[in-house]
Amino acid sequence: MESKQNILLISPESWDHLAVSKHHYARTLARKGHRVYFLNPPAEDKEYSVTKTSIENLYIVNYNGFVKGLHYLPGLVRKINQRKIYKRLEELVQTSFDIVWSFDNSVFFDLDALSASIKISHIVDLNQDFQTKRAASSADFCFGVTDEIINRLLKFNPRTFKISHALNIGEADVIAKLPGKNKVKALYAGNLAMKHLDWQILYQASKQNIDLDFVFIGSGGSILAAYNSTHVWKEKIMNLDNVFFLPPVSSDEIHSYLNAADILMVAYQQKHHKDQTDSHKILEYLNTGNPIVATFTAEYEGRNLLNMVYQNEEWPGLVTNVAKNLTALNTSELVEKRKSFARSNTYEKRVEQIENILFPK
């Protein structure tokens with residue numbers, strides 16, 4: 001951006017949540033010298049407050065939300081309420097916002113009610129689909145990470161641009177020690193309660209490859225977190241001797257675990273291939289240089305970066321084949337190709353891409 005901006009970044013996840021894209025964008029923008037106000041989701045039990053973080057130019061803001069049923073109210077009343085709260089936030093931080101950058105279309109969805117010079121609706125999760133029409137049509141710019149999201153936003157705003165997932169670069173100062181007695185480790189990192197995971201093929205692969213240890217890192221690593229029928233396979237996989245569940249780790253620590261693995265896994269149900277066309281974890285996986293075994297992921301088709309199957313029934317066999325051919329898959333050329341792709345898609349690169357859209361030269 002040509003000059004330093006005051007940015008209100010609206011996030012559906014709080015600052016103390018495990019760091020995801022919104023946190024990484026906030027940090028990247030602050031490092032570039034912009035003053036970033038990270039707005040936590042509204043909470044009735046929280047007072048209006050602003051707190052400076054340990055990161056220069058980055059502040060955390062709390063507020064207690066809007067009147068109930070805001071989206072049901074007439075447009076003028078809706079906008080007056082949002083404008084009132086927006087002005088209160090500006091008074092709280094004692095500045096006027098130049099840019100409103102919203103990752104959450106469930107709040108402040110009438111962006112044209114806000115006085116910032118630039119309003120952005122940036123959707124990085126397909127399930128972030130609340131007041132999409134109002135937020136997208138009232139934004140100056142819309143960004144989305146996949147073609148599915150882009151096509152949804154384009155219905156309401158022609159100034160929609162694809163901004164793919166980005167890599168948070170972290171170095172593994174030490175390599176974590178993964179559990180299990182086998183030499184080869186296959187690892188999955190992410191939300192283990194996610195309903196899209198295909199626990200059946202994960203179970204089959206683990207059972208068929210007893211000479212591999214399968215390690216799962218993330219929240220929801222218990223059967224108590226199950227909430228869909230596929231989790232019956234999750235219960236079965238927990239009884240296997242070569243399967244291990246670890247608690248979630250921070251985005252800075254995860255690199256130590258990913259680097260310790262020999263194989264990294266992506267396993268979404270067949271019926272969700274169309275809506276799980278990309279995942280931010282893949283860039284973190286690629287940054288290790290390690291081979292990846294994945295169910296069909298459209299954004300990577302034809303790139304020769306993933307070991308990928310179109311049919312989920314073939315996935316357990318692919319795990320076996322990759323484990324048997326690790327030497328061939330770990331040539332310096334292939335390892336560098338994976339790492340190079342990941343590092344060409346950092347958050348710094350994404351912010352530069354966005355700057356060129358907002359402020360074309």
# chains A, B, ... in the order shown; residues from 1 in each chain; ligands from 1
>>> select_by_dssp(residues="region 94-339 of chain A", states="strand (DSSP E or B)", output="VMD selection string")
chain A and resid 99 to 102 118 to 123 141 to 144 160 to 162 167 184 to 189 197 212 to 217 243 to 246 263 to 266 268 292 to 295 307 to 309
>>> select_by_dssp(residues="region 78-200 of chain A", states="helix (DSSP H, G or I)", output="PyMOL selection string")
chain A and resi 78-93+111-113+132-138+147-154+199-200
>>> residues_around(residues="Thr297 (chain A)", least_positions_apart="6", cutoff="9 Å", atoms="only C-alpha atoms", output="ChimeraX atom specification")
/A:266,273-274,276-279,306,308-310
>>> closest_atom_pairs(of="region 161-192 of chain A", to="region 9-26 of chain A", cutoff="9 Å", atoms="only C-alpha atoms", output="CSV")
residue,atom,partner,partner_atom,distance
A:His165,CA,A:Ser21,CA,8.0
A:Ala166,CA,A:Ser21,CA,7.7
A:Leu167,CA,A:Ser21,CA,8.9
A:Asn168,CA,A:His24,CA,6.8
>>> closest_residue(among="A:Asn287, A:Gln128, A:Ser256, A:Asn81", to="Phe103 (chain A)", atoms="only C-alpha atoms")
A:Gln128
>>> atom_distance(atom1="CA of Asn209 (chain A)", atom2="CA of Thr320 (chain A)")
6.7 Å
>>> residues_around(residues="region 35-45 of chain A", least_positions_apart="3", cutoff="6 Å", atoms="only C-alpha atoms", output="ChimeraX atom specification")
/A:6-12,14,30,57-65
>>> residues_around(residues="region 336-349 of chain A", least_positions_apart="5", cutoff="12 Å", atoms="only C-alpha atoms", output="VMD selection string")
chain A and resid 20 to 32 163 to 170 259 280 to 292 300 303 to 307 329 to 331 354 to 356
>>> atom_distance(atom1="CA of Leu202 (chain A)", atom2="CA of Leu258 (chain A)")
17.9 Å
>>> closest_residue(among="A:Ile201, A:Ala186, A:Val243, A:Lys207", to="Leu326 (chain A)", atoms="only C-alpha atoms")
A:Ala186
>>> residues_around(residues="Pro247 (chain A)", least_positions_apart="3", cutoff="9 Å", atoms="only C-alpha atoms", output="short mmCIF file (atom, residue, chain, number, x, y, z; two decimals) with N, CA and C atoms, in the first residue's frame")
data_model
loop_
_atom_site.label_atom_id
_atom_site.label_comp_id
_atom_site.auth_asym_id
_atom_site.auth_seq_id
_atom_site.Cartn_x
_atom_site.Cartn_y
_atom_site.Cartn_z
N PHE A 216 -2.04 -38.18 14.52
CA PHE A 216 -3.05 -37.15 14.27
C PHE A 216 -2.87 -36.04 15.30
N ILE A 217 -2.74 -34.81 14.83
CA ILE A 217 -2.53 -33.66 15.71
C ILE A 217 -3.67 -32.67 15.51
N GLY A 218 -4.32 -32.29 16.60
CA GLY A 218 -5.37 -31.29 16.47
C GLY A 218 -6.44 -31.41 17.52
N SER A 219 -7.34 -30.43 17.54
CA SER A 219 -8.45 -30.45 18.48
C SER A 219 -9.49 -31.47 18.02
N GLY A 220 -10.30 -31.94 18.95
CA GLY A 220 -11.33 -32.92 18.61
C GLY A 220 -10.78 -34.32 18.46
N GLY A 221 -9.66 -34.59 19.11
CA GLY A 221 -9.05 -35.91 18.98
C GLY A 221 -9.61 -36.94 19.94
#
>>> closest_residue(among="A:Leu358, A:Val184, A:Val232, A:Leu197", to="Thr295 (chain A)", atoms="only C-alpha atoms")
A:Leu197
